[in-house]
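Enquirer: Handing you this structure, nothing more for now.
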Amino acid sequence: MWQSSLEPHMSHKTLEYHWGKHHRGYVEDLNKEIVGTQFDGATLEDIITVAYNKGDPLPAFNNAAQIWNHDFFWESMRPGGGGKPVRQLLELIEKDFGSYDRFIEEFKAAASTQFGSGWVWLAYKANRLDVGNAIDPCPSEEDKKLVVVKSPNGVNPLVWDYSPLLTIDVWEVQN
Amino acid sequence: EEEEEEEEEKMRLCYFNTTPHLLATNFSKPFNIPRHHIITNGQFRVSQRGVRTRAFYGLTTPPYKLDALEPYMSKNTMEMHWGEHHCSYVEGLNKQLEKNNLLYGCTMEELVKITYNNGNPLPEFNNAAQVWNHDFFWESMQPDGGKIPGEGVIQQIEKDFGSFTNFRENFVETALTLFGSGWIWLVLNSREERLTVVKTSNAINPLIWGDIPIVGLDMWEHAYYLDYQNDKAKYVNVFMNHLVSWQAAATRMARAEAFVNLGEPKIPVA
């Protein structure tokens, strides 16, 4: 399958463990956890946003978020990937970070300074208020731009209402 | 001149004394602390000689050889865990302390509590706490460890958990329910005056609550991944069966009783 095609940057063995054991473990644990609860039958993103419970997470949050994070992580990579983005995304990155190289520096800095386990994201921060669907009528400089954010353990930018574009797993060991 | 040398030697011993624990570090092994200098501030007479050594905290060595815990914790793991991770926390801490003289001169325990800053940790906290945690972790293990604790500890465990088996199950379960990086502790809770098992995230340790840790287990992935990959249960069970140092625990309990009254108060009758 596609498992061996990220070599030599990410080995087949790494993927076997990371996807085959850790990711699979989260899925199996979540399935066991939600049987008979309010989350049974809900979509994964619903479980994440509800179980996050504004920072006081319910038990299902960790597993659900980690499943989503890993799905997203696999999709953030492809064989023969890397290099510069093109066209629109490159323009947006240059607009919000100054240059592609500055973005890479920021991304690397975030990844190496995450203490404990976590993730680093390239995400889009819209100008939403923390109330339902409201749009902030006075957006600040911080809104409506691409940002690099890091999150601890299982947390991901969905809970802050950002739109993730790319992620990297910086739990201590992903291999 | 000789006097100054003596004083400088005393200074050096002061600042290298990084172990707040009862078990002494093996001082016969030389510390490998390159590039550090003993600071001289107004308190000490400045010697006329050349380069000054500035040193803050040193990397304490585990009280056994790096391969002594085989096959339960491999030499590879120890070399990486102690030689790279623990070492980088020490170096990181010293770099941070170079800039901040206010934190200078504390014992490791004091530094952890001060930098925790009541829940709003200063940047030095992560490094300081991780240095302390790892010092404690090496001493929480011994070659040919595990089995059952001896006198002093076993009674307290049976009193507070019902039985040693209960405690052990509690410990393993707590370890397996920790999400992300962190530590598991058998700790003497000073307010409740009993032993409990607690789990903490990232660098946090029970000192910040004023409690007295008795045994510590590193559940960061770097501690077990090389040897056990994702089989956390196996790692924790091996720790309980073959690694944990009940001798160290007994020493700590003995010391802890100077601070926490574990029995009925002995009030002299007139």
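Labeling convention for the structure tokens: chains A, B, ... as they appear, residues from 1 per chain, ligands from 1 in order of appearance.
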Near chain B, which residues of chain A fall within 9 Å when you count only C-alpha atoms, and what do they look like as JSON, numbers by chain?

Expert: {"A": [17, 21, 22, 62, 115, 116, 117, 118, 152, 153, 154, 171, 172, 173, 175]}

Enquirer: With only C-alpha atoms as the counted atoms, please give the residues lying no more than 12 Å from Val120 in chain A, apart from itself and same-chain residues fewer than 5 positions off, as an mmCIF file with N, CA, C and O atoms, in the first residue's frame.

Expert:
```
data_model
loop_
_atom_site.group_PDB
_atom_site.id
_atom_site.type_symbol
_atom_site.label_atom_id
_atom_site.label_comp_id
_atom_site.auth_asym_id
_atom_site.auth_seq_id
_atom_site.Cartn_x
_atom_site.Cartn_y
_atom_site.Cartn_z
ATOM 1 N N ASN A 69 -6.742 14.189 14.766
ATOM 2 C CA ASN A 69 -5.402 14.742 14.530
ATOM 3 C C ASN A 69 -4.576 13.819 13.636
ATOM 4 O O ASN A 69 -3.869 14.270 12.736
ATOM 5 N N PHE A 72 -5.755 13.761 10.067
ATOM 6 C CA PHE A 72 -5.306 14.989 9.433
ATOM 7 C C PHE A 72 -3.807 14.945 9.144
ATOM 8 O O PHE A 72 -3.333 15.429 8.115
ATOM 9 N N PHE A 73 -3.068 14.329 10.048
ATOM 10 C CA PHE A 73 -1.617 14.239 9.889
ATOM 11 C C PHE A 73 -1.259 13.411 8.661
ATOM 12 O O PHE A 73 -0.411 13.799 7.844
ATOM 13 N N SER A 76 -1.786 15.318 5.732
ATOM 14 C CA SER A 76 -0.868 16.456 5.570
ATOM 15 C C SER A 76 0.422 16.051 4.900
ATOM 16 O O SER A 76 1.274 16.891 4.635
ATOM 17 N N ILE A 104 8.543 29.057 7.464
ATOM 18 C CA ILE A 104 9.223 27.816 7.826
ATOM 19 C C ILE A 104 9.953 27.968 9.167
ATOM 20 O O ILE A 104 9.902 27.089 10.018
ATOM 21 N N GLU A 106 9.227 29.986 11.617
ATOM 22 C CA GLU A 106 8.255 30.043 12.712
ATOM 23 C C GLU A 106 7.711 28.651 13.015
ATOM 24 O O GLU A 106 7.546 28.265 14.164
ATOM 25 N N PHE A 107 7.450 27.910 11.960
ATOM 26 C CA PHE A 107 6.901 26.581 12.119
ATOM 27 C C PHE A 107 7.896 25.690 12.863
ATOM 28 O O PHE A 107 7.549 24.985 13.802
ATOM 29 N N LYS A 108 9.159 25.748 12.440
ATOM 30 C CA LYS A 108 10.181 24.920 13.085
ATOM 31 C C LYS A 108 10.369 25.330 14.542
ATOM 32 O O LYS A 108 10.515 24.486 15.422
ATOM 33 N N ALA A 109 10.365 26.651 14.789
ATOM 34 C CA ALA A 109 10.554 27.122 16.164
ATOM 35 C C ALA A 109 9.427 26.603 17.050
ATOM 36 O O ALA A 109 9.655 26.156 18.172
ATOM 37 N N ALA A 110 8.200 26.669 16.534
ATOM 38 C CA ALA A 110 7.064 26.193 17.326
ATOM 39 C C ALA A 110 7.204 24.713 17.611
ATOM 40 O O ALA A 110 6.965 24.256 18.720
ATOM 41 N N ALA A 111 7.621 23.955 16.598
ATOM 42 C CA ALA A 111 7.716 22.511 16.768
ATOM 43 C C ALA A 111 8.781 22.137 17.784
ATOM 44 O O ALA A 111 8.615 21.190 18.544
ATOM 45 N N SER A 112 9.881 22.909 17.822
ATOM 46 C CA SER A 112 10.942 22.511 18.755
ATOM 47 C C SER A 112 10.734 23.066 20.153
ATOM 48 O O SER A 112 11.436 22.690 21.075
ATOM 49 N N THR A 113 9.751 23.980 20.320
ATOM 50 C CA THR A 113 9.556 24.506 21.670
ATOM 51 C C THR A 113 8.300 23.989 22.341
ATOM 52 O O THR A 113 7.943 24.441 23.427
ATOM 53 N N GLN A 114 7.611 23.065 21.716
ATOM 54 C CA GLN A 114 6.438 22.506 22.381
ATOM 55 C C GLN A 114 6.918 21.622 23.525
ATOM 56 O O GLN A 114 7.641 20.661 23.302
ATOM 57 N N PHE A 115 6.546 21.960 24.763
ATOM 58 C CA PHE A 115 7.009 21.195 25.925
ATOM 59 C C PHE A 115 6.021 20.086 26.207
ATOM 60 O O PHE A 115 4.819 20.291 26.261
ATOM 61 N N VAL A 147 -1.951 31.419 10.523
ATOM 62 C CA VAL A 147 -1.105 31.459 11.718
ATOM 63 C C VAL A 147 -0.469 30.102 11.944
ATOM 64 O O VAL A 147 -0.979 29.082 11.479
ATOM 65 N N VAL A 148 0.652 30.128 12.664
ATOM 66 C CA VAL A 148 1.246 28.891 13.142
ATOM 67 C C VAL A 148 0.888 28.802 14.617
ATOM 68 O O VAL A 148 1.146 29.730 15.385
ATOM 69 N N VAL A 149 0.232 27.716 15.007
ATOM 70 C CA VAL A 149 -0.138 27.549 16.413
ATOM 71 C C VAL A 149 0.334 26.194 16.899
ATOM 72 O O VAL A 149 0.446 25.247 16.105
ATOM 73 N N LYS A 150 0.613 26.111 18.215
ATOM 74 C CA LYS A 150 0.924 24.799 18.754
ATOM 75 C C LYS A 150 -0.080 24.461 19.830
ATOM 76 O O LYS A 150 -0.614 25.354 20.493
ATOM 77 N N SER A 151 -0.358 23.176 19.976
ATOM 78 C CA SER A 151 -1.360 22.749 20.943
ATOM 79 C C SER A 151 -0.828 21.566 21.727
ATOM 80 O O SER A 151 -0.083 20.744 21.199
ATOM 81 N N PRO A 152 -1.211 21.461 23.011
ATOM 82 C CA PRO A 152 -0.688 20.380 23.844
ATOM 83 C C PRO A 152 -1.503 19.108 23.705
ATOM 84 O O PRO A 152 -2.693 19.152 23.406
ATOM 85 N N ASN A 153 -0.885 17.996 23.959
ATOM 86 C CA ASN A 153 -1.536 16.682 24.019
ATOM 87 C C ASN A 153 -2.480 16.443 22.847
ATOM 88 O O ASN A 153 -2.061 16.278 21.731
ATOM 89 N N GLY A 154 -3.798 16.411 23.099
ATOM 90 C CA GLY A 154 -4.716 16.086 22.006
ATOM 91 C C GLY A 154 -5.439 17.278 21.419
ATOM 92 O O GLY A 154 -6.162 17.166 20.443
ATOM 93 N N VAL A 155 -5.216 18.438 22.028
ATOM 94 C CA VAL A 155 -5.969 19.611 21.604
ATOM 95 C C VAL A 155 -5.659 19.959 20.149
ATOM 96 O O VAL A 155 -4.538 19.764 19.678
ATOM 97 N N ASN A 156 -6.662 20.459 19.430
ATOM 98 C CA ASN A 156 -6.411 20.892 18.055
ATOM 99 C C ASN A 156 -7.170 22.185 17.792
ATOM 100 O O ASN A 156 -8.058 22.551 18.555
ATOM 101 N N PRO A 157 -6.834 22.905 16.686
ATOM 102 C CA PRO A 157 -7.413 24.242 16.502
ATOM 103 C C PRO A 157 -8.913 24.252 16.229
ATOM 104 O O PRO A 157 -9.516 25.308 16.220
ATOM 105 N N PRO A 164 -7.755 24.335 10.347
ATOM 106 C CA PRO A 164 -6.407 23.802 10.142
ATOM 107 C C PRO A 164 -6.129 23.504 8.680
ATOM 108 O O PRO A 164 -7.013 23.086 7.931
ATOM 109 N N LEU A 165 -4.878 23.769 8.284
ATOM 110 C CA LEU A 165 -4.499 23.452 6.912
ATOM 111 C C LEU A 165 -3.471 22.328 6.864
ATOM 112 O O LEU A 165 -3.424 21.526 5.942
ATOM 113 N N LEU A 166 -2.588 22.317 7.873
ATOM 114 C CA LEU A 166 -1.447 21.398 7.851
ATOM 115 C C LEU A 166 -1.099 21.079 9.280
ATOM 116 O O LEU A 166 -1.216 21.960 10.133
ATOM 117 N N THR A 167 -0.601 19.874 9.553
ATOM 118 C CA THR A 167 -0.144 19.638 10.914
ATOM 119 C C THR A 167 1.070 18.740 10.966
ATOM 120 O O THR A 167 1.354 17.986 10.022
ATOM 121 N N ILE A 168 1.796 18.844 12.087
ATOM 122 C CA ILE A 168 2.882 17.905 12.345
ATOM 123 C C ILE A 168 2.750 17.392 13.774
ATOM 124 O O ILE A 168 2.447 18.144 14.688
ATOM 125 N N ASP A 169 2.947 16.099 13.941
ATOM 126 C CA ASP A 169 2.827 15.452 15.240
ATOM 127 C C ASP A 169 4.137 15.648 16.003
ATOM 128 O O ASP A 169 5.182 15.175 15.574
ATOM 129 N N VAL A 170 4.088 16.389 17.121
ATOM 130 C CA VAL A 170 5.307 16.521 17.923
ATOM 131 C C VAL A 170 5.171 15.886 19.305
ATOM 132 O O VAL A 170 5.713 16.366 20.294
ATOM 133 N N TRP A 171 4.368 14.830 19.411
ATOM 134 C CA TRP A 171 4.487 13.970 20.584
ATOM 135 C C TRP A 171 5.907 13.445 20.525
ATOM 136 O O TRP A 171 6.487 13.300 19.470
#
```

Enquirer: Any idea what's packed within 12 Å of Lys159 in chain B, counting only C-alpha atoms, ignoring anything in its chain fewer than 3 positions away? Could you give it as a PyMOL selection string?

Expert: chain B and resi 152-156+162-164+166-167+193-196+262-263

Enquirer: Write out, as a PDB file, in the first residue's frame, the residues just selected, with N, CA, C and O atoms.

Expert:
```pdb
ATOM      1  N   GLY B 152       8.391  -0.307  57.774  1.00  0.00           N
ATOM      2  CA  GLY B 152       8.278   1.153  57.715  1.00  0.00           C
ATOM      3  C   GLY B 152       7.396   1.552  56.562  1.00  0.00           C
ATOM      4  O   GLY B 152       6.374   2.200  56.742  1.00  0.00           O
ATOM      5  N   VAL B 153       7.759   1.128  55.364  1.00  0.00           N
ATOM      6  CA  VAL B 153       6.962   1.509  54.203  1.00  0.00           C
ATOM      7  C   VAL B 153       5.761   0.589  54.059  1.00  0.00           C
ATOM      8  O   VAL B 153       4.654   1.030  53.774  1.00  0.00           O
ATOM      9  N   ILE B 154       5.978  -0.714  54.244  1.00  0.00           N
ATOM     10  CA  ILE B 154       4.894  -1.664  53.981  1.00  0.00           C
ATOM     11  C   ILE B 154       3.719  -1.423  54.928  1.00  0.00           C
ATOM     12  O   ILE B 154       2.548  -1.489  54.518  1.00  0.00           O
ATOM     13  N   GLN B 155       4.045  -1.086  56.198  1.00  0.00           N
ATOM     14  CA  GLN B 155       2.932  -0.833  57.137  1.00  0.00           C
ATOM     15  C   GLN B 155       2.111   0.357  56.689  1.00  0.00           C
ATOM     16  O   GLN B 155       0.885   0.340  56.710  1.00  0.00           O
ATOM     17  N   GLN B 156       2.814   1.420  56.265  1.00  0.00           N
ATOM     18  CA  GLN B 156       2.088   2.616  55.873  1.00  0.00           C
ATOM     19  C   GLN B 156       1.250   2.351  54.630  1.00  0.00           C
ATOM     20  O   GLN B 156       0.116   2.822  54.510  1.00  0.00           O
ATOM     21  N   GLY B 162      -4.950  -0.426  52.088  1.00  0.00           N
ATOM     22  CA  GLY B 162      -5.610  -1.698  52.392  1.00  0.00           C
ATOM     23  C   GLY B 162      -4.633  -2.839  52.293  1.00  0.00           C
ATOM     24  O   GLY B 162      -4.469  -3.624  53.225  1.00  0.00           O
ATOM     25  N   SER B 163      -3.955  -2.933  51.152  1.00  0.00           N
ATOM     26  CA  SER B 163      -2.975  -3.994  50.980  1.00  0.00           C
ATOM     27  C   SER B 163      -1.977  -3.549  49.926  1.00  0.00           C
ATOM     28  O   SER B 163      -2.225  -2.617  49.174  1.00  0.00           O
ATOM     29  N   PHE B 164      -0.842  -4.246  49.876  1.00  0.00           N
ATOM     30  CA  PHE B 164       0.152  -3.892  48.872  1.00  0.00           C
ATOM     31  C   PHE B 164      -0.398  -4.106  47.476  1.00  0.00           C
ATOM     32  O   PHE B 164      -0.130  -3.345  46.548  1.00  0.00           O
ATOM     33  N   ASN B 166      -3.492  -3.819  46.452  1.00  0.00           N
ATOM     34  CA  ASN B 166      -4.355  -2.688  46.107  1.00  0.00           C
ATOM     35  C   ASN B 166      -3.538  -1.503  45.632  1.00  0.00           C
ATOM     36  O   ASN B 166      -3.851  -0.852  44.631  1.00  0.00           O
ATOM     37  N   PHE B 167      -2.476  -1.207  46.402  1.00  0.00           N
ATOM     38  CA  PHE B 167      -1.626  -0.087  46.040  1.00  0.00           C
ATOM     39  C   PHE B 167      -1.041  -0.297  44.646  1.00  0.00           C
ATOM     40  O   PHE B 167      -1.051   0.591  43.796  1.00  0.00           O
ATOM     41  N   GLU B 193      -1.981  13.474  55.690  1.00  0.00           N
ATOM     42  CA  GLU B 193      -1.096  12.589  56.466  1.00  0.00           C
ATOM     43  C   GLU B 193      -1.247  11.139  56.048  1.00  0.00           C
ATOM     44  O   GLU B 193      -1.354  10.241  56.871  1.00  0.00           O
ATOM     45  N   ARG B 194      -1.303  10.904  54.734  1.00  0.00           N
ATOM     46  CA  ARG B 194      -1.366   9.542  54.248  1.00  0.00           C
ATOM     47  C   ARG B 194      -0.676   9.444  52.894  1.00  0.00           C
ATOM     48  O   ARG B 194      -0.470  10.445  52.217  1.00  0.00           O
ATOM     49  N   LEU B 195      -0.364   8.203  52.498  1.00  0.00           N
ATOM     50  CA  LEU B 195       0.233   7.976  51.187  1.00  0.00           C
ATOM     51  C   LEU B 195      -0.860   7.958  50.132  1.00  0.00           C
ATOM     52  O   LEU B 195      -1.935   7.417  50.360  1.00  0.00           O
ATOM     53  N   THR B 196      -0.583   8.566  48.977  1.00  0.00           N
ATOM     54  CA  THR B 196      -1.505   8.459  47.854  1.00  0.00           C
ATOM     55  C   THR B 196      -0.697   8.295  46.571  1.00  0.00           C
ATOM     56  O   THR B 196       0.506   8.530  46.552  1.00  0.00           O
ATOM     57  N   LEU B 262       2.743  10.663  61.316  1.00  0.00           N
ATOM     58  CA  LEU B 262       1.975   9.570  60.748  1.00  0.00           C
ATOM     59  C   LEU B 262       1.314   8.692  61.794  1.00  0.00           C
ATOM     60  O   LEU B 262       0.541   7.823  61.496  1.00  0.00           O
ATOM     61  N   GLY B 263       1.660   8.907  63.054  1.00  0.00           N
ATOM     62  CA  GLY B 263       1.057   8.050  64.067  1.00  0.00           C
ATOM     63  C   GLY B 263       0.172   8.878  64.964  1.00  0.00           C
ATOM     64  O   GLY B 263      -0.125  10.031  64.685  1.00  0.00           O
TER      65      GLY B 263
END
```

Enquirer: Got a sec: who's within 10 Å of Leu69 in chain B, counting only C-alpha atoms, leaving out chain neighbours fewer than 6 positions off, as a VMD selection string?

Expert: chain B and resid 75 78 141 to 145 242 to 243

Enquirer: What would the file look like if the residues just selected were written as an mmCIF file, in the first residue's frame with N, CA and C atoms?

Expert:
```
data_model
loop_
_atom_site.group_PDB
_atom_site.id
_atom_site.type_symbol
_atom_site.label_atom_id
_atom_site.label_comp_id
_atom_site.auth_asym_id
_atom_site.auth_seq_id
_atom_site.Cartn_x
_atom_site.Cartn_y
_atom_site.Cartn_z
ATOM 1 N N LYS B 75 20.722 -0.134 28.553
ATOM 2 C CA LYS B 75 21.809 0.849 28.628
ATOM 3 C C LYS B 75 21.575 1.953 27.606
ATOM 4 N N MET B 78 19.195 4.371 29.037
ATOM 5 C CA MET B 78 19.834 5.178 30.072
ATOM 6 C C MET B 78 20.775 6.206 29.468
ATOM 7 N N MET B 141 14.967 4.053 41.495
ATOM 8 C CA MET B 141 15.188 2.719 40.928
ATOM 9 C C MET B 141 16.487 2.152 41.462
ATOM 10 N N GLN B 142 16.615 0.845 41.440
ATOM 11 C CA GLN B 142 17.872 0.215 41.817
ATOM 12 C C GLN B 142 17.992 -1.096 41.052
ATOM 13 N N PRO B 143 19.231 -1.550 40.856
ATOM 14 C CA PRO B 143 19.397 -2.862 40.241
ATOM 15 C C PRO B 143 18.811 -3.899 41.197
ATOM 16 N N ASP B 144 18.151 -4.908 40.637
ATOM 17 C CA ASP B 144 17.520 -5.919 41.479
ATOM 18 C C ASP B 144 16.504 -5.286 42.426
ATOM 19 N N GLY B 145 15.687 -4.402 41.894
ATOM 20 C CA GLY B 145 14.692 -3.723 42.709
ATOM 21 C C GLY B 145 13.353 -4.433 42.640
ATOM 22 N N HIS B 242 10.615 -5.067 39.072
ATOM 23 C CA HIS B 242 12.061 -5.252 39.002
ATOM 24 C C HIS B 242 12.902 -4.006 39.216
ATOM 25 N N LEU B 243 12.291 -2.832 39.207
ATOM 26 C CA LEU B 243 13.119 -1.626 39.206
ATOM 27 C C LEU B 243 12.971 -0.746 40.435
#
```

Enquirer: Go ahead and compute the interatomic distance for CA of Lys65 in chain B and CA of Tyr228 in chain B, in Å to one decimal.

Expert: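 Taking CA of Lys65 in chain B and CA of Tyr228 in chain B, their separation equals 20.8 Å.
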